[in-house]
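Participant: Supplied structure: upload-v1.txt, compact mmCIF, C-alpha atoms.
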```
# COMPACT_ATOMS: atom_id res chain seq x y z
CA MET A 1 20.79 44.91 57.90
CA ASN A 2 20.99 41.21 58.69
CA LYS A 3 17.22 41.05 59.01
CA LEU A 4 16.79 42.81 55.67
CA PHE A 5 19.23 40.40 54.01
CA PHE A 6 17.34 37.48 55.55
CA VAL A 7 14.01 38.77 54.19
CA PHE A 8 15.42 39.21 50.68
CA SER A 9 16.94 35.73 50.87
CA LEU A 10 13.56 34.25 51.74
CA ILE A 11 11.92 36.09 48.85
CA ALA A 12 14.58 34.85 46.42
CA LEU A 13 14.32 31.27 47.64
CA SER A 14 10.53 31.43 47.41
CA SER A 15 10.75 32.69 43.83
CA VAL A 16 13.13 29.91 42.83
CA PHE A 17 10.89 27.31 44.48
CA ALA A 18 7.81 28.68 42.72
CA LEU A 19 9.62 28.66 39.39
CA GLY A 20 10.65 25.06 39.97
CA GLN A 21 7.02 24.14 40.63
CA ASN A 22 5.90 25.76 37.35
CA ASP A 23 8.66 24.69 34.98
CA HIS A 24 6.42 22.04 33.44
CA LYS A 25 2.77 21.38 32.69
CA LYS A 26 0.98 19.12 35.18
CA GLY A 27 -1.40 17.64 32.63
CA GLU A 28 -2.20 17.29 28.94
CA PHE A 29 -5.00 16.00 26.73
CA PHE A 30 -4.48 14.62 23.21
CA VAL A 31 -7.09 14.19 20.48
CA GLY A 32 -6.30 13.16 16.94
CA TYR A 33 -6.59 10.89 13.92
CA SER A 34 -5.47 7.27 14.16
CA ASN A 35 -4.57 4.90 11.33
CA GLY A 36 -4.55 1.25 12.38
CA GLN A 37 -2.59 -1.31 10.40
CA ILE A 38 -4.53 -4.32 11.62
CA ASP A 39 -3.48 -7.95 11.50
CA ALA A 40 -6.86 -9.18 10.24
CA GLY A 41 -5.81 -12.81 9.89
CA ILE A 42 -7.88 -13.27 6.70
CA GLU A 43 -6.29 -13.76 3.29
CA GLY A 44 -7.63 -11.36 0.69
CA PHE A 45 -8.91 -8.93 3.31
CA THR A 46 -7.96 -5.99 1.04
CA SER A 47 -4.57 -6.18 2.73
CA VAL A 48 -1.31 -4.61 1.60
CA ASP A 49 2.24 -5.70 2.33
CA THR A 50 3.73 -2.94 4.46
CA GLY A 51 7.06 -4.68 4.92
CA ILE A 52 5.98 -5.93 8.35
CA GLY A 53 3.52 -8.49 7.04
CA ASN A 54 0.05 -8.12 5.57
CA ARG A 55 -2.00 -5.41 7.23
CA THR A 56 -5.43 -3.88 6.64
CA SER A 57 -5.94 -0.13 7.02
CA PHE A 58 -8.46 0.98 9.61
CA HIS A 59 -9.25 4.67 10.24
CA GLY A 60 -10.49 6.36 13.39
CA PHE A 61 -9.50 8.38 16.44
CA ASN A 62 -7.14 8.36 19.42
CA THR A 63 -7.46 10.31 22.66
CA SER A 64 -5.31 10.30 25.77
CA ALA A 65 -4.83 12.17 29.03
CA VAL A 66 -1.63 12.47 31.07
CA TYR A 67 -0.93 13.61 34.62
CA ASN A 68 2.76 14.44 35.04
CA PHE A 69 4.31 13.48 38.39
CA ASN A 70 7.29 15.65 37.52
CA ARG A 71 8.89 17.25 34.48
CA TYR A 72 9.70 13.92 32.81
CA VAL A 73 7.31 11.15 33.96
CA GLY A 74 3.52 10.95 33.88
CA VAL A 75 0.69 8.44 34.16
CA LYS A 76 -1.33 8.06 30.97
CA GLY A 77 -4.81 6.86 30.01
CA ASP A 78 -5.41 6.09 26.32
CA PHE A 79 -8.56 5.30 24.30
CA SER A 80 -8.70 4.63 20.55
CA GLY A 81 -11.19 3.32 18.01
CA VAL A 82 -10.55 2.43 14.36
CA TYR A 83 -12.97 1.19 11.68
CA ASN A 84 -13.03 -0.57 8.32
CA SER A 85 -15.71 -1.66 5.82
CA THR A 86 -14.90 -4.40 3.30
CA ARG A 87 -16.90 -6.19 0.60
CA PHE A 88 -16.17 -9.85 -0.21
CA SER A 89 -17.15 -11.85 -3.29
CA PHE A 90 -16.40 -15.55 -3.88
CA PRO A 91 -17.89 -18.70 -5.48
CA VAL A 92 -19.62 -21.36 -3.37
CA THR A 93 -20.13 -24.87 -4.84
CA THR A 94 -22.56 -27.39 -3.32
CA GLY A 95 -22.92 -30.56 -5.39
CA ALA A 96 -23.57 -29.48 -8.98
CA THR A 97 -24.61 -25.97 -7.97
CA THR A 98 -22.21 -23.05 -7.96
CA GLN A 99 -23.17 -19.54 -6.99
CA THR A 100 -21.39 -16.28 -6.28
CA VAL A 101 -21.82 -15.00 -2.77
CA THR A 102 -21.13 -11.40 -1.85
CA PHE A 103 -21.35 -9.73 1.55
CA ASP A 104 -20.22 -6.64 3.42
CA THR A 105 -18.34 -6.48 6.73
CA ASP A 106 -18.27 -3.59 9.16
CA ASN A 107 -15.24 -3.96 11.41
CA SER A 108 -14.15 -2.06 14.51
CA LEU A 109 -11.29 -2.27 16.99
CA TYR A 110 -11.08 -0.43 20.31
CA ASN A 111 -8.21 -0.09 22.79
CA VAL A 112 -8.59 1.02 26.41
CA LEU A 113 -5.09 1.35 27.86
CA GLY A 114 -3.12 2.87 30.72
CA GLY A 115 0.52 3.19 31.69
CA ILE A 116 3.54 5.48 31.84
CA GLN A 117 4.70 8.24 29.50
CA VAL A 118 8.22 9.71 29.49
CA LYS A 119 8.65 13.21 27.98
CA ASP A 120 10.42 16.47 28.76
CA ASN A 121 7.43 18.66 29.64
CA ALA A 122 9.36 21.92 30.15
CA VAL A 123 7.01 24.81 29.36
CA ASP A 124 9.45 26.49 26.97
CA LYS A 125 10.73 23.37 25.17
CA LYS A 126 10.03 23.45 21.41
CA PHE A 127 10.50 19.80 20.40
CA LYS A 128 9.28 17.09 22.78
CA PRO A 129 9.95 13.48 21.82
CA PHE A 130 8.09 11.01 24.03
CA ALA A 131 7.79 7.29 24.71
CA HIS A 132 5.10 5.29 26.45
CA ALA A 133 4.32 1.75 27.60
CA LEU A 134 0.61 0.98 27.98
CA ALA A 135 -1.50 -2.08 28.83
CA GLY A 136 -5.22 -2.81 29.02
CA ILE A 137 -7.89 -4.41 26.85
CA GLY A 138 -8.71 -4.55 23.15
CA HIS A 139 -12.20 -5.18 21.75
CA ALA A 140 -12.80 -6.27 18.14
CA LYS A 141 -16.18 -6.58 16.43
CA VAL A 142 -17.19 -7.82 12.97
CA LYS A 143 -20.71 -7.41 11.56
CA VAL A 144 -21.61 -9.23 8.33
CA GLY A 145 -24.53 -8.00 6.25
CA GLY A 146 -25.72 -7.34 2.70
CA VAL A 147 -25.35 -11.01 1.78
CA ASN A 148 -26.42 -11.77 -1.80
CA CYS A 149 -26.46 -14.98 -3.86
CA THR A 150 -26.62 -15.14 -7.66
CA THR A 151 -28.43 -18.49 -8.05
CA THR A 152 -30.37 -21.03 -5.99
CA THR A 153 -29.84 -20.40 -2.30
CA VAL A 154 -27.59 -23.03 -0.76
CA ILE A 155 -26.79 -20.91 2.29
CA ASN A 156 -28.86 -18.44 4.25
CA CYS A 157 -28.19 -15.35 2.14
CA GLY A 158 -30.40 -13.13 4.23
CA GLN A 159 -28.59 -13.85 7.46
CA ILE A 160 -26.81 -11.09 9.36
CA LEU A 161 -23.97 -12.24 11.58
CA SER A 162 -22.11 -10.39 14.30
CA GLU A 163 -19.12 -11.52 16.31
CA SER A 164 -17.01 -9.77 18.90
CA GLU A 165 -14.03 -10.64 21.07
CA THR A 166 -12.14 -8.97 23.91
CA GLY A 167 -8.57 -9.65 24.96
CA LEU A 168 -5.47 -8.29 26.67
CA ALA A 169 -3.84 -5.44 24.74
CA ALA A 170 -0.74 -3.26 24.91
CA ALA A 171 0.86 -0.35 23.09
CA PHE A 172 4.59 0.33 23.01
CA GLY A 173 5.87 3.33 21.13
CA GLY A 174 6.14 7.08 21.09
CA GLY A 175 6.31 10.13 18.89
CA LEU A 176 7.09 13.83 18.69
CA ASP A 177 5.18 16.88 19.97
CA ILE A 178 6.03 20.38 18.70
CA ARG A 179 5.17 23.44 20.79
CA LEU A 180 2.76 25.84 19.08
CA ASN A 181 2.09 28.14 22.03
CA ASP A 182 1.53 28.02 25.77
CA ARG A 183 -1.71 26.03 25.41
CA PHE A 184 -1.24 23.80 22.37
CA ASP A 185 1.30 21.40 20.89
CA LEU A 186 1.18 19.68 17.51
CA ARG A 187 1.61 15.91 17.68
CA ALA A 188 3.61 15.55 14.49
CA PHE A 189 3.51 11.75 14.65
CA GLN A 190 2.88 8.83 16.96
CA VAL A 191 3.82 5.21 16.21
CA ASP A 192 2.80 2.22 18.35
CA TYR A 193 3.14 -1.54 18.24
CA ASN A 194 -0.28 -2.74 19.41
CA PRO A 195 -0.49 -6.50 20.12
CA ILE A 196 -3.83 -7.92 21.28
CA LYS A 197 -4.15 -11.45 22.68
CA PHE A 198 -7.50 -13.03 21.90
CA ASP A 199 -8.53 -16.60 22.81
CA GLU A 200 -7.33 -18.17 19.58
CA SER A 201 -4.29 -16.06 18.70
CA THR A 202 -2.39 -12.82 19.13
CA THR A 203 -2.83 -10.09 16.52
CA HIS A 204 0.23 -7.94 15.82
CA ASN A 205 -1.15 -4.51 14.97
CA PHE A 206 0.40 -1.08 14.47
CA ARG A 207 -1.16 2.33 14.84
CA PHE A 208 -0.08 5.74 13.57
CA GLY A 209 -1.44 9.06 14.75
CA ILE A 210 -1.35 12.84 14.47
CA GLY A 211 -3.30 15.51 16.30
CA ILE A 212 -3.35 18.29 18.87
CA VAL A 213 -2.14 18.24 22.49
CA ILE A 214 -3.97 20.61 24.85
CA LYS A 215 -1.96 21.61 27.94
```
Could you write out this file's structure as structure tokens?
Facilitator:
Amino acid sequence: MNKLFFVFSLIALSSVFALGQNDHKKGEFFVGYSNGQIDAGIEGFTSVDTGIGNRTSFHGFNTSAVYNFNRYVGVKGDFSGVYNSTRFSFPVTTGATTQTVTFDTDNSLYNVLGGIQVKDNAVDKKFKPFAHALAGIGHAKVKVGGVNCTTTTVINCGQILSESETGLAAAFGGGLDIRLNDRFDLRAFQVDYNPIKFDESTTHNFRFGIGIVIK
């Protein structure tokens, strides 16, 4: 009888231990839409006042992968890219000559980040708020083309210029995931403060996202 009780005790303890090992998902992958409110640093850059200063809307994607050490804490890798195209038009005066110059810019901003995410990853939890702190690099690129002049050329109107810069970046924020089923969650929203320190200055950007989390 004692041996039988001992065997059943071992089975029960083993079941509890196994359940404890499977009460949360070990990993997740997120893919979704990202809206960047970018501190462009140029007046008239089709910017809008969002209440947190002038920002320019960029549109793109955000992906991330998380390995959870336990139910609440995981290590996270994050990659995002957002894009914007803008047309400028302004007068240029040289001596007695004035002309209107127009040109197009194709702009991109990438973030490659890593850090820690905190979230309750219980398999049966419906609403899962999360927070993360990430650091890495940001890469911005501006390509100028389609330059046109209305009168005598006083600048090189056929010139195509391209400039890029890389600096230290971070993202501090979080959001809310909603369980759809055992394999998928809906990321209802994600909000991040995304500063990037370039050589000349620090840009104070924000990014907003929605998408799907695959578990």
Participant: How far is it from atom CA of A:Ala40 to atom CA of A:Ala135, in Å with one decimal?
Facilitator: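 So the answer is 20.6 Å.
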Participant: Work out how far apart atom CA of A:Ser162 and atom CA of A:Lys143 are and give it in Å to one decimal.
Facilitator: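 Straight-line distance from atom CA of A:Ser162 to atom CA of A:Lys143 works out to 4.3 Å.
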Participant: Could you pull the residues within 8 Å of A:Leu176, counting only C-alpha atoms, minus those fewer than 6 positions along the same chain, as an MDAnalysis selection string?
Facilitator: chainID A and resid 127:130 187:190
Participant: Keeping C-alpha atoms for every residue in the selection just given, could you write it to a file as a PDB file, in the frame of the given file?
Facilitator:
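Result written to part_37.pdb:
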```
ATOM      1  CA  PHE A 127      10.500  19.800  20.400  1.00  0.00           C
ATOM      2  CA  LYS A 128       9.280  17.090  22.780  1.00  0.00           C
ATOM      3  CA  PRO A 129       9.950  13.480  21.820  1.00  0.00           C
ATOM      4  CA  PHE A 130       8.090  11.010  24.030  1.00  0.00           C
ATOM      5  CA  ARG A 187       1.610  15.910  17.680  1.00  0.00           C
ATOM      6  CA  ALA A 188       3.610  15.550  14.490  1.00  0.00           C
ATOM      7  CA  PHE A 189       3.510  11.750  14.650  1.00  0.00           C
ATOM      8  CA  GLN A 190       2.880   8.830  16.960  1.00  0.00           C
TER       9      GLN A 190
END
```
Participant: Residues proximal to (-4.3, 21.4, 24.6) were defined as those with any atom within 7 Å of that point in the file's coordinates, counting only C-alpha atoms. Which are they, as a PyMOL selection string?
Facilitator: chain A and resi 28-30+183-185+212-215
Participant: Need to verify the contact set: A:Asp23, 8 Å, all atoms listed in the file, exclusion of same-chain residues closer than 5 positions in sequence. Can you return it as a ChimeraX atom specification?
Facilitator: /A:71,122-123
Participant: Can you tell me which residues surround A:Leu186 at a distance of at most 8 Å, considering only C-alpha atoms, apart from same-chain residues fewer than 5 positions away, and format the answer as a VMD selection string?
Facilitator: chain A and resid 177 to 180 210 to 213
Participant: Using only C-alpha atoms, which of A:Ser80, A:Asp182, A:Ser64, A:Gly27 sits nearest A:Arg207?
Facilitator: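 The shortest atom-to-atom distance to A:Arg207 comes from A:Ser80.
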Participant: Provide the atom CA of A:Asn107 to atom CA of A:Ile38 distance in Å, to one decimal place.
Facilitator: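 Taking atom CA of A:Asn107 as the start and atom CA of A:Ile38 as the end point, the length is 10.7 Å.
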Participant: Between A:Thr63, A:Ser85, A:Thr100, A:Asn70, which one has atoms that come closest to A:Val118, using all atoms listed in the file?
Facilitator: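 Going through A:Thr63, A:Ser85, A:Thr100, A:Asn70 one by one, the smallest distance to A:Val118 is for A:Asn70.
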Participant: Need to verify the contact set: A:Gly136, 7 Å, all atoms listed in the file, exclusion of same-chain residues closer than 4 positions in sequence. Can you return it as a VMD selection string?
Facilitator: chain A and resid 112 to 114 168 to 170
Participant: Go ahead and save the residues from that selection, with C-alpha atoms, as a compact mmCIF listing (two decimals), keeping the file's coordinate frame.
Facilitator:
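New file out-v6.txt:
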```
# COMPACT_ATOMS: atom_id res chain seq x y z
CA VAL A 112 -8.59 1.02 26.41
CA LEU A 113 -5.09 1.35 27.86
CA GLY A 114 -3.12 2.87 30.72
CA LEU A 168 -5.47 -8.29 26.67
CA ALA A 169 -3.84 -5.44 24.74
CA ALA A 170 -0.74 -3.26 24.91
```
Participant: Using all atoms listed in the file, can you tell me which of A:Leu161, A:Asn205, A:Lys25, A:Val73 comes closest to A:Ser57?
Facilitator: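 Using all atoms listed in the file, the shortest distance to A:Ser57 belongs to A:Asn205.
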Participant: From the list A:Ser164, A:Thr56, A:Asn62, A:Thr203, which residue is nearest A:Val31 when using all atoms listed in the file?
Facilitator: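 Smallest distance to A:Val31 is found for A:Asn62.
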Participant: I'd like to know which of A:Tyr72, A:Tyr83, A:Phe198, A:Phe172 is closest to A:Gly138, using all atoms listed in the file.
Facilitator: A:Phe198
Participant: Work out where the centre of an axis-aligned box around every listed atom of stretch 99-108 of chain A lies and how long its edges are once 6 Å is added on each side; give both in Å to one decimal as lines of an AutoDock Vina configuration file.
Facilitator:
```
center_x = -18.7
center_y = -10.8
center_z = 3.8
size_x = 21.0
size_y = 29.5
size_z = 33.5
```
